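Asker: One structure coming up, written as structure tokens, with questions to follow.
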Amino acid sequence: MGLSFVLRTALLSSLMEMKSQPVRASRPSAGALLSMIRDGTAVTRARLARETGLARSTVAQRVDALLAQGLVHEAGGGASTGGRPATVLAFNHEAGVVLVADLGASHARVAVSDLLGTPLAERASDLDIALGPEKVLEWVSEHFGEMLEEIGRPSDDVRAIGIGVPGPVEYDSGRPVNPPIMPGWDDFPIPEWFATRYSAAVLVDNDVNIMARGEHWMHWRDTRHLLLIKVGTGIGCGIVADGHIHRGARGAAGDIGHIQVTRSEDVVCRCGNIGCLEAVAGGQALAERLATAGEATSRSRDVVRLVREGHAGAIRMVRDAGRTLGEVLAGTVNFFNPEVIVIGGDVAEAHEHLLAGVREGIFRA
Ligand SMILES: [Zn+2]
């Protein structure tokens, strides 16, 4: 059926890779040349002209601008087909740094990377997103500052900032849109908040979209159609359609966590509806059900810990959750026809049991 399953947990490096595409927003043409130089598609001026269809003089001008910014350097002579050898251009990944923050419901990770997405400093901490934008972003900004100091880079070196949040985002403005678990964040201007501190492009997106894009970029670049399912506190889906993130009309595409999977009245979702996938199979739901049975579980990570310890009830619960998820995924497979489905998020760390259930569910449906 042209479908393969892969299981991966979220990699911060994926997030950084996704966010390390400099100057795209402000100088699209030079930025396009830069990404061709960076991925090796075209590394001489002549080849850049051929690949882009731009006039040689225009290419020369854009390359001069990249050289002046230090984003590219001349790496000496290259292969020649007669005449004098063309100068090879190389991407300078040390020309700046990228700041990233991965904000979850109750946990945050922040990092500084070079322009190829290699982490230079990182840290993680419990942080409640419900504290609101001012407190959370202040925490993020403080840690950005500390990490820059630690690696000895001034804030002028910051080329871009990438922020992932656990809710839908209007991508163009970088503002959250009615995010259900982020009180106080609706329509908050995150890019403007950072603009007073750094003169760098700020990209904000839903965490699942970022995971999907990171997975696609890092491991599946030749794949056109991919779904990334995040099973953490809740359940979400990032969609790569024809190589691009599909966001939908208001940034809420892929909200599979609120597809109804049972009519059982006692399964009430945090969204107010009855029987949502997330309320049956999400990490928070599993933790609460185990807690009712007397276990010390308050969040999805506690469920994973029990599974690792071999707790039979937790294992059965994760497997059942996988099966329910698989039944929903069977519908998305028919609808979207993906080449690859990647499953991530912290519950996915209990992978063999979750995946066994997903396989059962998807092939049974
Ligand atoms: Zn719901």
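Going by the structure tokens order, chains are called A, B, ..., each with residues numbered from 1, while ligands are numbered from 1 in the order shown.
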Within 9 Å of ligand 1, counting only C-alpha atoms and all ligand atoms, which protein or nucleic acid residues do you find, written as JSON, numbers by chain?

Answerer: {"A": [257, 258, 259, 260, 268, 269, 270, 271, 272, 273, 274, 275, 276, 277, 278, 279]}

Asker: Since we have the selection now, will you write its residues out, keeping N, CA, C and O atoms, as a short mmCIF file (atom, residue, chain, number, x, y, z; two decimals), in the first residue's frame?

Answerer:
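Once written, selection.cif looks like this:
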```cif
data_model
loop_
_atom_site.label_atom_id
_atom_site.label_comp_id
_atom_site.auth_asym_id
_atom_site.auth_seq_id
_atom_site.Cartn_x
_atom_site.Cartn_y
_atom_site.Cartn_z
N GLY A 257 -6.62 15.12 16.98
CA GLY A 257 -6.89 14.79 18.38
C GLY A 257 -8.35 14.95 18.75
O GLY A 257 -8.82 14.39 19.75
N HIS A 258 -9.11 15.71 17.94
CA HIS A 258 -10.51 15.96 18.29
C HIS A 258 -11.49 15.29 17.31
O HIS A 258 -12.63 15.72 17.17
N ILE A 259 -10.99 14.24 16.67
CA ILE A 259 -11.90 13.38 15.91
C ILE A 259 -12.59 12.45 16.91
O ILE A 259 -11.95 11.90 17.80
N GLN A 260 -13.91 12.29 16.76
CA GLN A 260 -14.64 11.47 17.72
C GLN A 260 -14.38 9.98 17.48
O GLN A 260 -14.52 9.50 16.35
N VAL A 268 -15.07 12.90 28.38
CA VAL A 268 -15.24 14.30 28.01
C VAL A 268 -13.87 14.90 27.73
O VAL A 268 -12.94 14.77 28.52
N CYS A 269 -13.76 15.54 26.56
CA CYS A 269 -12.47 16.11 26.15
C CYS A 269 -12.31 17.52 26.73
O CYS A 269 -13.29 18.19 27.04
N ARG A 270 -11.07 17.98 26.83
CA ARG A 270 -10.84 19.35 27.32
C ARG A 270 -11.45 20.39 26.38
O ARG A 270 -11.64 21.54 26.77
N CYS A 271 -11.75 19.97 25.12
CA CYS A 271 -12.37 20.91 24.18
C CYS A 271 -13.87 21.01 24.42
O CYS A 271 -14.54 21.83 23.81
N GLY A 272 -14.42 20.15 25.31
CA GLY A 272 -15.83 20.22 25.63
C GLY A 272 -16.67 19.17 24.92
O GLY A 272 -17.80 18.92 25.30
N ASN A 273 -16.11 18.55 23.90
CA ASN A 273 -16.86 17.51 23.18
C ASN A 273 -16.68 16.15 23.84
O ASN A 273 -15.86 15.97 24.75
N ILE A 274 -17.45 15.21 23.35
CA ILE A 274 -17.45 13.86 23.92
C ILE A 274 -16.66 12.92 23.01
O ILE A 274 -16.83 12.93 21.79
N GLY A 275 -15.79 12.10 23.62
CA GLY A 275 -15.20 10.97 22.90
C GLY A 275 -14.11 11.29 21.90
O GLY A 275 -13.85 10.53 20.97
N CYS A 276 -13.40 12.43 22.07
CA CYS A 276 -12.30 12.77 21.15
C CYS A 276 -11.15 11.76 21.28
O CYS A 276 -10.90 11.22 22.37
N LEU A 277 -10.42 11.56 20.19
CA LEU A 277 -9.25 10.67 20.17
C LEU A 277 -8.30 11.00 21.32
O LEU A 277 -7.83 10.11 22.03
N GLU A 278 -8.03 12.30 21.48
CA GLU A 278 -7.09 12.74 22.51
C GLU A 278 -7.55 12.38 23.92
O GLU A 278 -6.74 12.04 24.78
N ALA A 279 -8.88 12.46 24.14
CA ALA A 279 -9.43 12.17 25.46
C ALA A 279 -9.42 10.66 25.74
O ALA A 279 -9.56 10.22 26.87
#
```

Asker: Could you list, as number ranges by chain, every residue within 12 Å of A:Ala291, counting only C-alpha atoms and ignoring same-chain residues fewer than 3 positions away?

Answerer: A: 284-288, 294-300, 302-303, 306, 313-314

Asker: Any idea what the distance is between atom CA of A:Ala350 and atom CA of A:Val304?

Answerer: 5.6 Å

Asker: Could you please write out, as an MDAnalysis selection string, every residue of stretch 58-196 of chain A that DSSP assigns to helix (DSSP H, G or I)?

Answerer: chainID A and resid 58:68 129:131 133:151 155:157 190:195

Asker: Using only C-alpha atoms, find the one residue out of A:Val59, A:Val347, A:Ile256, A:Met218 that sits nearest to A:Gly117.

Answerer: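 Distance minimum relative to A:Gly117 lands on A:Met218.
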
Asker: Residues within 12 Å of A:Arg364, please, as a PyMOL selection string. Count only C-alpha atoms; anything in the same chain fewer than 5 positions from it doesn't count.

Answerer: chain A and resi 323-331+357-359

Asker: Got time to write the residues from that selection, all heavy atoms, as an mmCIF file, in the first residue's frame?

Answerer:
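Written file, result.cif:
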```
data_model
loop_
_atom_site.group_PDB
_atom_site.id
_atom_site.type_symbol
_atom_site.label_atom_id
_atom_site.label_comp_id
_atom_site.auth_asym_id
_atom_site.auth_seq_id
_atom_site.Cartn_x
_atom_site.Cartn_y
_atom_site.Cartn_z
ATOM 1 N N ARG A 323 -4.001 1.333 19.162
ATOM 2 C CA ARG A 323 -5.005 0.734 18.285
ATOM 3 C C ARG A 323 -6.060 1.786 17.889
ATOM 4 O O ARG A 323 -6.436 1.894 16.721
ATOM 5 C CB ARG A 323 -5.662 -0.442 18.998
ATOM 6 C CG ARG A 323 -6.323 -1.427 18.047
ATOM 7 C CD ARG A 323 -6.849 -2.644 18.795
ATOM 8 N NE ARG A 323 -5.793 -3.380 19.480
ATOM 9 C CZ ARG A 323 -5.863 -3.791 20.746
ATOM 10 N NH1 ARG A 323 -6.921 -3.533 21.494
ATOM 11 N NH2 ARG A 323 -4.854 -4.463 21.283
ATOM 12 N N THR A 324 -6.503 2.558 18.877
ATOM 13 C CA THR A 324 -7.485 3.618 18.582
ATOM 14 C C THR A 324 -6.883 4.633 17.619
ATOM 15 O O THR A 324 -7.531 5.063 16.653
ATOM 16 C CB THR A 324 -7.894 4.332 19.897
ATOM 17 O OG1 THR A 324 -8.301 3.340 20.834
ATOM 18 C CG2 THR A 324 -9.021 5.307 19.652
ATOM 19 N N LEU A 325 -5.630 5.010 17.865
ATOM 20 C CA LEU A 325 -4.939 5.945 16.977
ATOM 21 C C LEU A 325 -4.843 5.355 15.568
ATOM 22 O O LEU A 325 -5.085 6.046 14.571
ATOM 23 C CB LEU A 325 -3.540 6.244 17.535
ATOM 24 C CG LEU A 325 -2.604 7.077 16.664
ATOM 25 C CD1 LEU A 325 -3.198 8.457 16.402
ATOM 26 C CD2 LEU A 325 -1.235 7.222 17.360
ATOM 27 N N GLY A 326 -4.519 4.073 15.495
ATOM 28 C CA GLY A 326 -4.387 3.404 14.200
ATOM 29 C C GLY A 326 -5.677 3.434 13.405
ATOM 30 O O GLY A 326 -5.668 3.599 12.184
ATOM 31 N N GLU A 327 -6.804 3.295 14.115
ATOM 32 C CA GLU A 327 -8.098 3.320 13.414
ATOM 33 C C GLU A 327 -8.361 4.695 12.798
ATOM 34 O O GLU A 327 -8.868 4.798 11.685
ATOM 35 C CB GLU A 327 -9.227 2.917 14.377
ATOM 36 C CG GLU A 327 -9.215 1.410 14.648
ATOM 37 C CD GLU A 327 -10.066 0.999 15.845
ATOM 38 O OE1 GLU A 327 -10.848 1.838 16.344
ATOM 39 O OE2 GLU A 327 -9.932 -0.157 16.283
ATOM 40 N N VAL A 328 -7.975 5.750 13.540
ATOM 41 C CA VAL A 328 -8.125 7.102 12.984
ATOM 42 C C VAL A 328 -7.153 7.290 11.816
ATOM 43 O O VAL A 328 -7.497 7.857 10.780
ATOM 44 C CB VAL A 328 -7.877 8.170 14.079
ATOM 45 C CG1 VAL A 328 -7.750 9.557 13.469
ATOM 46 C CG2 VAL A 328 -9.009 8.135 15.104
ATOM 47 N N LEU A 329 -5.930 6.776 11.989
ATOM 48 C CA LEU A 329 -4.926 6.935 10.929
ATOM 49 C C LEU A 329 -5.346 6.220 9.648
ATOM 50 O O LEU A 329 -5.036 6.679 8.548
ATOM 51 C CB LEU A 329 -3.565 6.409 11.393
ATOM 52 C CG LEU A 329 -2.856 7.290 12.411
ATOM 53 C CD1 LEU A 329 -1.475 6.735 12.719
ATOM 54 C CD2 LEU A 329 -2.737 8.714 11.906
ATOM 55 N N ALA A 330 -6.060 5.110 9.803
ATOM 56 C CA ALA A 330 -6.514 4.392 8.603
ATOM 57 C C ALA A 330 -7.351 5.322 7.737
ATOM 58 O O ALA A 330 -7.232 5.325 6.510
ATOM 59 C CB ALA A 330 -7.317 3.161 9.010
ATOM 60 N N GLY A 331 -8.186 6.139 8.386
ATOM 61 C CA GLY A 331 -9.002 7.105 7.651
ATOM 62 C C GLY A 331 -8.131 8.150 6.961
ATOM 63 O O GLY A 331 -8.362 8.506 5.800
ATOM 64 N N GLY A 357 0.079 -1.451 18.627
ATOM 65 C CA GLY A 357 -1.334 -1.103 18.609
ATOM 66 C C GLY A 357 -1.714 -0.361 17.338
ATOM 67 O O GLY A 357 -2.747 -0.637 16.726
ATOM 68 N N VAL A 358 -0.869 0.588 16.920
ATOM 69 C CA VAL A 358 -1.159 1.365 15.716
ATOM 70 C C VAL A 358 -1.278 0.435 14.510
ATOM 71 O O VAL A 358 -2.210 0.536 13.711
ATOM 72 C CB VAL A 358 -0.053 2.423 15.461
ATOM 73 C CG1 VAL A 358 -0.210 3.037 14.079
ATOM 74 C CG2 VAL A 358 -0.105 3.514 16.525
ATOM 75 N N ARG A 359 -0.346 -0.503 14.406
ATOM 76 C CA ARG A 359 -0.395 -1.459 13.280
ATOM 77 C C ARG A 359 -1.694 -2.247 13.283
ATOM 78 O O ARG A 359 -2.346 -2.398 12.255
ATOM 79 C CB ARG A 359 0.777 -2.446 13.380
ATOM 80 C CG ARG A 359 2.102 -1.879 12.965
ATOM 81 C CD ARG A 359 3.160 -2.978 13.068
ATOM 82 N NE ARG A 359 4.496 -2.451 12.869
ATOM 83 C CZ ARG A 359 5.008 -2.124 11.692
ATOM 84 N NH1 ARG A 359 4.282 -2.272 10.603
ATOM 85 N NH2 ARG A 359 6.225 -1.640 11.587
#
```

Asker: Name all residues at most 9 Å from stretch 90-105 of chain A (count only C-alpha atoms; drop same-chain ones fewer than 2 positions away) and give them as a compact mmCIF listing (two decimals) with C-alpha atoms, in the first residue's frame.

Answerer:
```txt
# COMPACT_ATOMS: atom_id res chain seq x y z
CA LEU A 12 15.51 19.51 18.79
CA LEU A 15 13.59 22.21 14.91
CA MET A 16 16.84 24.05 14.54
CA LYS A 19 14.64 27.39 11.55
CA SER A 20 18.09 27.86 10.08
CA PRO A 22 18.48 32.69 6.87
CA LEU A 34 21.94 30.83 -0.65
CA SER A 35 19.92 27.67 -0.13
CA ILE A 37 24.74 26.96 -2.39
CA ARG A 38 24.03 25.46 1.01
CA ASP A 39 22.54 22.20 -0.23
CA GLY A 40 25.06 21.90 -3.08
CA VAL A 43 28.02 26.26 -6.16
CA GLN A 69 27.13 39.54 4.71
CA GLY A 70 29.62 36.74 5.33
CA LEU A 71 26.97 34.09 4.58
CA VAL A 72 29.04 32.71 1.71
CA HIS A 73 32.77 32.48 1.10
CA GLU A 74 34.82 31.67 -1.96
CA ALA A 75 36.34 28.24 -1.50
CA VAL A 88 33.39 27.53 -5.92
CA HIS A 107 8.01 21.69 29.32
CA ALA A 108 10.33 23.97 27.35
CA ARG A 109 13.57 23.44 25.48
CA VAL A 110 15.72 26.27 24.21
CA ALA A 111 18.88 26.21 22.13
CA VAL A 112 21.36 28.21 20.10
CA SER A 113 22.52 26.63 16.86
CA ASP A 114 24.80 27.57 14.00
CA LEU A 115 23.29 28.16 10.56
CA LEU A 116 23.37 24.45 9.73
CA GLY A 117 21.34 23.58 12.80
CA LEU A 120 26.00 25.16 20.26
CA LEU A 127 7.66 25.46 32.24
CA ASP A 128 3.90 25.81 32.26
CA ILE A 129 2.66 27.42 29.03
CA ALA A 130 -0.44 28.54 30.96
CA VAL A 136 7.03 32.40 29.39
CA VAL A 140 12.91 32.11 27.06
CA PHE A 144 18.69 32.94 25.11
CA ARG A 153 28.40 35.40 20.67
CA ASP A 156 24.05 41.05 16.78
CA ASP A 157 25.02 37.56 15.56
CA VAL A 158 21.43 36.32 15.87
CA ARG A 159 20.08 35.82 12.33
CA ALA A 160 16.76 34.23 13.13
CA ILE A 161 14.56 33.13 16.00
CA GLY A 162 12.25 30.12 15.80
CA ILE A 163 9.49 29.50 18.32
CA GLY A 164 7.29 26.39 18.45
CA VAL A 165 4.08 26.55 20.49
CA PRO A 166 1.52 23.87 21.41
CA ILE A 181 -4.25 25.01 26.28
CA MET A 182 -2.52 28.41 26.13
CA ASP A 207 4.95 22.49 17.37
CA THR A 233 -0.08 15.24 26.39
```

Asker: When DSSP is applied to the backbone of this structure, which of stretch 85-309 of chain A are assigned strand (DSSP E or B)? Write them out as a ChimeraX atom specification.

Answerer: /A:87-91,97-103,107-113,119-126,158-165,169-170,175-176,201-206,226-231,235-241,244-245,260,268,274,276

Asker: Hey, what's within 8 Å of A:Gly251 if we count only C-alpha atoms and toss same-chain stuff fewer than 6 positions away? As JSON, numbers by chain, please?

Answerer: {"A": [168, 169, 170, 171, 177]}

Asker: Go ahead and compute the interatomic distance for atom CA of A:Ile229 and atom CA of A:Val340, in Å to one decimal.

Answerer: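 Here the two named atoms are 10.8 Å from each other.
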
Asker: Tell me, in Å to one decimal, how far atom CA of A:Glu142 is from atom CA of A:Gly174.

Answerer: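 Straight-line distance from atom CA of A:Glu142 to atom CA of A:Gly174 works out to 20.6 Å.
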